[in-house]
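S.K.: One structure, as structure tokens, below. Some questions next.
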Amino acid sequence: MSSLGPYLIAAALGALVGATELISRYRDRPASLIRVISTWAYVLINAAAGAIALLLMHIFGWDFGATDAGARGATQVLVASFGSMALFRSALFTVRIHDQDVAVGPSTLLTALLAAADRGVDRMVARNRSTEARRIMVHVSFEKAQLALPTLCLALLQNVSAGDQRDLRTAVDALAASSMTDRQRALNLGLLLMNVAGPDVVRAAVDALQDEIRADPAPARLRDQAMDSKTVA
């Protein structure tokens, strides 16, 4: 019987693929994944898939034509790890439900776990994200920041894909065309930028542009005066 080492390597590679996929989905707060049970289940299933695939190769004697023991073992581990990942992400057929194509196959399980992870992470970080965005964007005017702030955030980062940049621009344009107040649009702009760049980068960009994108304080003063007058009355 083969030693435990190759199984651990195959499982580790599978877990690494699963963890990398999760981290790519939650780039602004990857540490939050640690506290969500469904993300652990996702990683463990990917790890188990690699180990089980390697066990099947040993049982059926699939050596892929390699004669050297070391080369055979390395080939089996790599094929088991990445082959099982490809299998788990495949679909046997597609069903159309309510004008939406739904893949049916091994990928269904991973899709369900990813959806559960999405909900778990969103619920966990929603309150903190709201508070953080409000603090960062408290003095920001959307009208003044809608072009300069996203541009600076994207310039500060070096690895934002062209697709992500286009999606951000589209979302900002939709905010600009909405009927929300300037304050509401500024808060949503902060959340959009945090999704792409993370709160630290957004905060640094706001600090760098604070004089140019600061909201007019006059409405706030008038509002406070009105509230004071009502209180006195």
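Ordered as shown in the structure tokens, chains take letters A, B, and onward, while each chain numbers its residues from 1 and ligands are numbered from 1 in the order shown.
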Report as a list in words all protein, DNA and RNA residues lying within 12 Å of Glu143 of chain A, evaluated on only C-alpha atoms, omitting residues in the same chain fewer than 4 positions from it.
M.R.: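 Residues meeting the cut-off are Leu147, Ala148, Leu149, Val172, Asp173, Leu175, Ala176, Ala177, Met180, Thr181, Asp182, Arg183, Gln184, Arg185, Ala186, Leu189, Glu212, Ile213, Arg214, Ala215 and Asp216 of chain A.
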S.K.: Could you turn the residues from that selection into a file that holds N, CA, C and O atoms, as an mmCIF file, in the first residue's frame?
M.R.:
```cif
data_model
loop_
_atom_site.group_PDB
_atom_site.id
_atom_site.type_symbol
_atom_site.label_atom_id
_atom_site.label_comp_id
_atom_site.auth_asym_id
_atom_site.auth_seq_id
_atom_site.Cartn_x
_atom_site.Cartn_y
_atom_site.Cartn_z
ATOM 1 N N LEU A 147 -15.789 60.696 -10.890
ATOM 2 C CA LEU A 147 -14.749 60.407 -11.883
ATOM 3 C C LEU A 147 -13.380 60.261 -11.240
ATOM 4 O O LEU A 147 -12.656 59.304 -11.499
ATOM 5 N N ALA A 148 -13.030 61.207 -10.367
ATOM 6 C CA ALA A 148 -11.670 61.230 -9.820
ATOM 7 C C ALA A 148 -11.397 60.074 -8.868
ATOM 8 O O ALA A 148 -10.313 59.464 -8.920
ATOM 9 N N LEU A 149 -12.353 59.757 -7.994
ATOM 10 C CA LEU A 149 -12.090 58.733 -6.977
ATOM 11 C C LEU A 149 -11.936 57.331 -7.567
ATOM 12 O O LEU A 149 -10.964 56.630 -7.241
ATOM 13 N N VAL A 172 -20.893 52.878 -11.670
ATOM 14 C CA VAL A 172 -20.806 54.295 -11.296
ATOM 15 C C VAL A 172 -21.714 55.136 -12.185
ATOM 16 O O VAL A 172 -22.388 56.056 -11.713
ATOM 17 N N ASP A 173 -21.756 54.833 -13.483
ATOM 18 C CA ASP A 173 -22.645 55.554 -14.396
ATOM 19 C C ASP A 173 -24.104 55.350 -14.003
ATOM 20 O O ASP A 173 -24.916 56.287 -14.089
ATOM 21 N N LEU A 175 -25.193 54.816 -10.962
ATOM 22 C CA LEU A 175 -25.406 55.646 -9.782
ATOM 23 C C LEU A 175 -25.615 57.110 -10.168
ATOM 24 O O LEU A 175 -26.488 57.793 -9.620
ATOM 25 N N ALA A 176 -24.808 57.579 -11.116
ATOM 26 C CA ALA A 176 -24.919 58.974 -11.536
ATOM 27 C C ALA A 176 -26.282 59.263 -12.156
ATOM 28 O O ALA A 176 -26.802 60.381 -12.040
ATOM 29 N N ALA A 177 -26.859 58.267 -12.825
ATOM 30 C CA ALA A 177 -28.153 58.464 -13.476
ATOM 31 C C ALA A 177 -29.337 58.212 -12.552
ATOM 32 O O ALA A 177 -30.482 58.421 -12.947
ATOM 33 N N MET A 180 -31.192 59.064 -6.534
ATOM 34 C CA MET A 180 -30.794 59.124 -5.134
ATOM 35 C C MET A 180 -30.134 60.464 -4.825
ATOM 36 O O MET A 180 -29.670 61.178 -5.717
ATOM 37 N N THR A 181 -30.086 60.782 -3.549
ATOM 38 C CA THR A 181 -29.405 61.999 -3.132
ATOM 39 C C THR A 181 -27.897 61.840 -3.307
ATOM 40 O O THR A 181 -27.381 60.725 -3.468
ATOM 41 N N ASP A 182 -27.195 62.962 -3.259
ATOM 42 C CA ASP A 182 -25.744 62.920 -3.407
ATOM 43 C C ASP A 182 -25.109 62.085 -2.302
ATOM 44 O O ASP A 182 -24.160 61.332 -2.537
ATOM 45 N N ARG A 183 -25.633 62.203 -1.093
ATOM 46 C CA ARG A 183 -25.108 61.433 0.036
ATOM 47 C C ARG A 183 -25.309 59.939 -0.171
ATOM 48 O O ARG A 183 -24.414 59.132 0.094
ATOM 49 N N GLN A 184 -26.488 59.554 -0.644
ATOM 50 C CA GLN A 184 -26.770 58.139 -0.882
ATOM 51 C C GLN A 184 -25.877 57.583 -1.984
ATOM 52 O O GLN A 184 -25.352 56.467 -1.873
ATOM 53 N N ARG A 185 -25.682 58.358 -3.023
ATOM 54 C CA ARG A 185 -24.820 57.901 -4.117
ATOM 55 C C ARG A 185 -23.360 57.814 -3.668
ATOM 56 O O ARG A 185 -22.633 56.900 -4.095
ATOM 57 N N ALA A 186 -22.929 58.736 -2.817
ATOM 58 C CA ALA A 186 -21.553 58.679 -2.321
ATOM 59 C C ALA A 186 -21.321 57.419 -1.492
ATOM 60 O O ALA A 186 -20.273 56.767 -1.609
ATOM 61 N N LEU A 189 -21.115 54.549 -3.824
ATOM 62 C CA LEU A 189 -19.841 54.597 -4.540
ATOM 63 C C LEU A 189 -18.733 54.006 -3.681
ATOM 64 O O LEU A 189 -17.886 53.243 -4.169
ATOM 65 N N GLU A 212 -10.478 68.115 -2.978
ATOM 66 C CA GLU A 212 -11.183 68.242 -4.258
ATOM 67 C C GLU A 212 -12.566 67.604 -4.252
ATOM 68 O O GLU A 212 -13.435 67.998 -5.035
ATOM 69 N N ILE A 213 -12.787 66.616 -3.410
ATOM 70 C CA ILE A 213 -14.053 65.881 -3.455
ATOM 71 C C ILE A 213 -14.903 66.100 -2.208
ATOM 72 O O ILE A 213 -15.920 65.437 -2.026
ATOM 73 N N ARG A 214 -14.514 67.032 -1.353
ATOM 74 C CA ARG A 214 -15.256 67.273 -0.119
ATOM 75 C C ARG A 214 -16.627 67.850 -0.420
ATOM 76 O O ARG A 214 -16.776 68.747 -1.251
ATOM 77 N N ALA A 215 -17.636 67.320 0.264
ATOM 78 C CA ALA A 215 -18.997 67.798 0.071
ATOM 79 C C ALA A 215 -19.155 69.186 0.669
ATOM 80 O O ALA A 215 -18.450 69.565 1.618
ATOM 81 N N ASP A 216 -20.068 69.965 0.121
ATOM 82 C CA ASP A 216 -20.360 71.298 0.632
ATOM 83 C C ASP A 216 -20.994 71.164 2.012
ATOM 84 O O ASP A 216 -22.048 70.538 2.152
#
```
S.K.: Taking the DSSP assignment computed from this structure's backbone, write out as a VMD selection string all residues of segment 1-157 of chain A that belong to strand (DSSP E).
M.R.: chain A and resid 93 to 97 100 to 104
S.K.: Just the selected residues (all heavy atoms), exported as a CSV table (one decimal), in the first residue's frame, please.
M.R.:
```csv
chain,number,residue,atom,x,y,z
A,93,PHE,N,-25.3,17.8,-18.0
A,93,PHE,CA,-26.3,18.4,-19.0
A,93,PHE,C,-26.8,19.7,-18.3
A,93,PHE,O,-26.6,20.0,-17.2
A,93,PHE,CB,-27.4,17.4,-19.3
A,93,PHE,CG,-28.2,16.9,-18.1
A,93,PHE,CD1,-29.3,17.5,-17.6
A,93,PHE,CD2,-27.8,15.7,-17.5
A,93,PHE,CE1,-29.9,17.1,-16.5
A,93,PHE,CE2,-28.4,15.2,-16.4
A,93,PHE,CZ,-29.5,15.9,-15.9
A,94,THR,N,-27.6,20.4,-19.1
A,94,THR,CA,-28.1,21.7,-18.7
A,94,THR,C,-29.6,21.7,-18.8
A,94,THR,O,-30.2,21.3,-19.9
A,94,THR,CB,-27.5,22.9,-19.6
A,94,THR,OG1,-26.1,22.9,-19.4
A,94,THR,CG2,-28.0,24.2,-19.1
A,95,VAL,N,-30.3,22.2,-17.8
A,95,VAL,CA,-31.7,22.2,-17.8
A,95,VAL,C,-32.1,23.7,-17.8
A,95,VAL,O,-31.5,24.5,-17.0
A,95,VAL,CB,-32.3,21.5,-16.5
A,95,VAL,CG1,-33.8,21.7,-16.5
A,95,VAL,CG2,-31.9,20.0,-16.5
A,96,ARG,N,-33.1,24.0,-18.5
A,96,ARG,CA,-33.6,25.4,-18.6
A,96,ARG,C,-34.8,25.6,-17.7
A,96,ARG,O,-35.9,24.9,-17.9
A,96,ARG,CB,-34.0,25.8,-20.0
A,96,ARG,CG,-34.2,27.3,-20.2
A,96,ARG,CD,-34.2,27.7,-21.7
A,96,ARG,NE,-34.3,29.2,-21.8
A,96,ARG,CZ,-33.2,30.0,-21.8
A,96,ARG,NH1,-32.0,29.5,-21.6
A,96,ARG,NH2,-33.3,31.3,-22.0
A,97,ILE,N,-34.7,26.4,-16.7
A,97,ILE,CA,-35.7,26.7,-15.7
A,97,ILE,C,-36.0,28.1,-15.6
A,97,ILE,O,-35.2,28.9,-15.2
A,97,ILE,CB,-35.4,26.1,-14.3
A,97,ILE,CG1,-35.0,24.6,-14.4
A,97,ILE,CG2,-36.5,26.4,-13.3
A,97,ILE,CD1,-34.6,24.0,-13.1
A,100,GLN,N,-33.7,30.4,-17.4
A,100,GLN,CA,-32.3,30.4,-16.9
A,100,GLN,C,-31.8,29.0,-17.1
A,100,GLN,O,-32.4,28.0,-16.7
A,100,GLN,CB,-32.3,30.8,-15.4
A,100,GLN,CG,-30.9,30.8,-14.8
A,100,GLN,CD,-30.9,31.3,-13.4
A,100,GLN,OE1,-32.0,31.5,-12.8
A,100,GLN,NE2,-29.8,31.5,-12.8
A,101,ASP,N,-30.5,28.9,-17.6
A,101,ASP,CA,-29.9,27.6,-17.8
A,101,ASP,C,-29.2,27.2,-16.5
A,101,ASP,O,-28.4,27.9,-15.9
A,101,ASP,CB,-28.8,27.7,-18.9
A,101,ASP,CG,-29.4,28.0,-20.2
A,101,ASP,OD1,-30.6,27.5,-20.4
A,101,ASP,OD2,-28.8,28.6,-21.1
A,102,VAL,N,-29.6,26.0,-16.0
A,102,VAL,CA,-29.1,25.4,-14.8
A,102,VAL,C,-28.3,24.2,-15.1
A,102,VAL,O,-28.8,23.2,-15.7
A,102,VAL,CB,-30.2,25.1,-13.8
A,102,VAL,CG1,-29.6,24.5,-12.5
A,102,VAL,CG2,-31.0,26.3,-13.5
A,103,ALA,N,-27.0,24.2,-14.7
A,103,ALA,CA,-26.1,23.0,-15.0
A,103,ALA,C,-26.4,21.9,-13.9
A,103,ALA,O,-26.5,22.2,-12.7
A,103,ALA,CB,-24.6,23.4,-14.9
A,104,VAL,N,-26.5,20.7,-14.4
A,104,VAL,CA,-26.7,19.5,-13.5
A,104,VAL,C,-25.5,18.6,-13.7
A,104,VAL,O,-25.2,18.2,-14.8
A,104,VAL,CB,-28.0,18.8,-13.9
A,104,VAL,CG1,-28.2,17.6,-13.0
A,104,VAL,CG2,-29.2,19.8,-13.8
```
S.K.: Check the smallest atom-to-atom distance from each of A:His139, A:Lys144, A:Arg25, A:Arg129 to Leu192 of chain A using only C-alpha atoms, then report the winner.
M.R.: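 Closest residue, counting only C-alpha atoms: A:Arg129.
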S.K.: Can you pull out the residues contacting Ile52 of chain A? Cut-off 12 Å, using only C-alpha atoms, and skip same-chain residues under 3 positions away; I want them as a PyMOL selection string.
M.R.: chain A and resi 6-8+10-11+14+45-49+55-59+76-77+79-81+83-85
S.K.: With DSSP run on the backbone, what are the alpha helix (DSSP H) residues within segment 3-228 of chain A? I'd like them as JSON, numbers by chain.
M.R.: {"A": [4, 5, 6, 7, 8, 9, 10, 11, 12, 13, 14, 15, 16, 17, 18, 19, 20, 21, 22, 23, 24, 25, 37, 38, 39, 40, 41, 42, 43, 44, 45, 46, 47, 48, 49, 50, 51, 52, 53, 54, 55, 56, 57, 58, 59, 60, 69, 70, 71, 72, 73, 74, 75, 76, 77, 78, 79, 80, 81, 82, 83, 84, 85, 86, 87, 88, 107, 108, 109, 110, 111, 112, 113, 114, 115, 116, 117, 118, 119, 120, 121, 122, 123, 124, 125, 126, 127, 128, 129, 130, 131, 132, 133, 134, 135, 136, 142, 143, 144, 145, 148, 149, 150, 151, 152, 153, 154, 155, 156, 162, 163, 164, 165, 166, 167, 168, 169, 170, 171, 172, 173, 174, 175, 176, 177, 182, 183, 184, 185, 186, 187, 188, 189, 190, 191, 192, 193, 194, 195, 196, 197, 199, 200, 201, 202, 203, 204, 205, 206, 207, 208, 210, 211, 212, 213, 218, 219, 220, 221, 222, 223, 224, 225, 226, 227, 228]}
S.K.: Take atom CA of Met124 of chain A and atom CA of Ala41 of chain A and report the distance between them in Å, one decimal.
M.R.: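 These atoms are spaced 17.2 Å apart.
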S.K.: Need to verify the contact set: Arg89 of chain A, 9 Å, only C-alpha atoms, exclusion of same-chain residues closer than 4 positions in sequence. Can you return it as a tab-separated table (two decimals) with C-alpha atoms, in the first residue's frame?
M.R.:
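Just written: selection-v9.tsv:
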```tsv
chain	number	residue	atom	x	y	z
A	84	SER	CA	-10.70	15.79	-9.76
A	85	MET	CA	-11.01	19.59	-9.75
A	105	GLY	CA	-23.76	17.38	-12.56
A	106	PRO	CA	-20.86	17.29	-10.10
A	107	SER	CA	-20.61	21.08	-10.29
A	108	THR	CA	-24.06	21.38	-8.70
A	110	LEU	CA	-19.86	23.10	-5.50
A	111	THR	CA	-22.27	25.72	-6.81
```
S.K.: Just give me the gap between atom CA of Asp118 of chain A and atom CA of Trp40 of chain A in Å, one decimal is fine.
M.R.: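 The value is 12.6 Å.
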S.K.: Determine the nearest neighbour of Leu113 of chain A from the options A:Leu44, A:Leu13, A:Val196, A:Ile23, counting only C-alpha atoms.
M.R.: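 Closest to Leu113 of chain A, using only C-alpha atoms: A:Leu44.
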S.K.: Would you list the contacts of Leu152 of chain A as a list in words, taking every protein, DNA or RNA residue within 12 Å and counting only C-alpha atoms, but skipping same-chain residues closer than 4 positions in sequence?
M.R.: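 My list of contacting residues is Ala145, Gln146, Leu147, Ala148, Leu156, Leu157, Gln158, Leu193, Ala197, Val201, Val202, Arg203, Ala204, Ala205, Val206, Asp207, Ala208 and Leu209 of chain A.
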S.K.: Please determine, counting only C-alpha atoms, which residue among A:Ala162, A:Ser38, A:Ser3, A:Met194 has the shortest atom-to-atom distance to Ala112 of chain A.
M.R.: A:Ser38
S.K.: Take atom CA of Thr151 of chain A and atom CA of Asn188 of chain A and report the distance between them in Å, one decimal.
M.R.: 16.0 Å
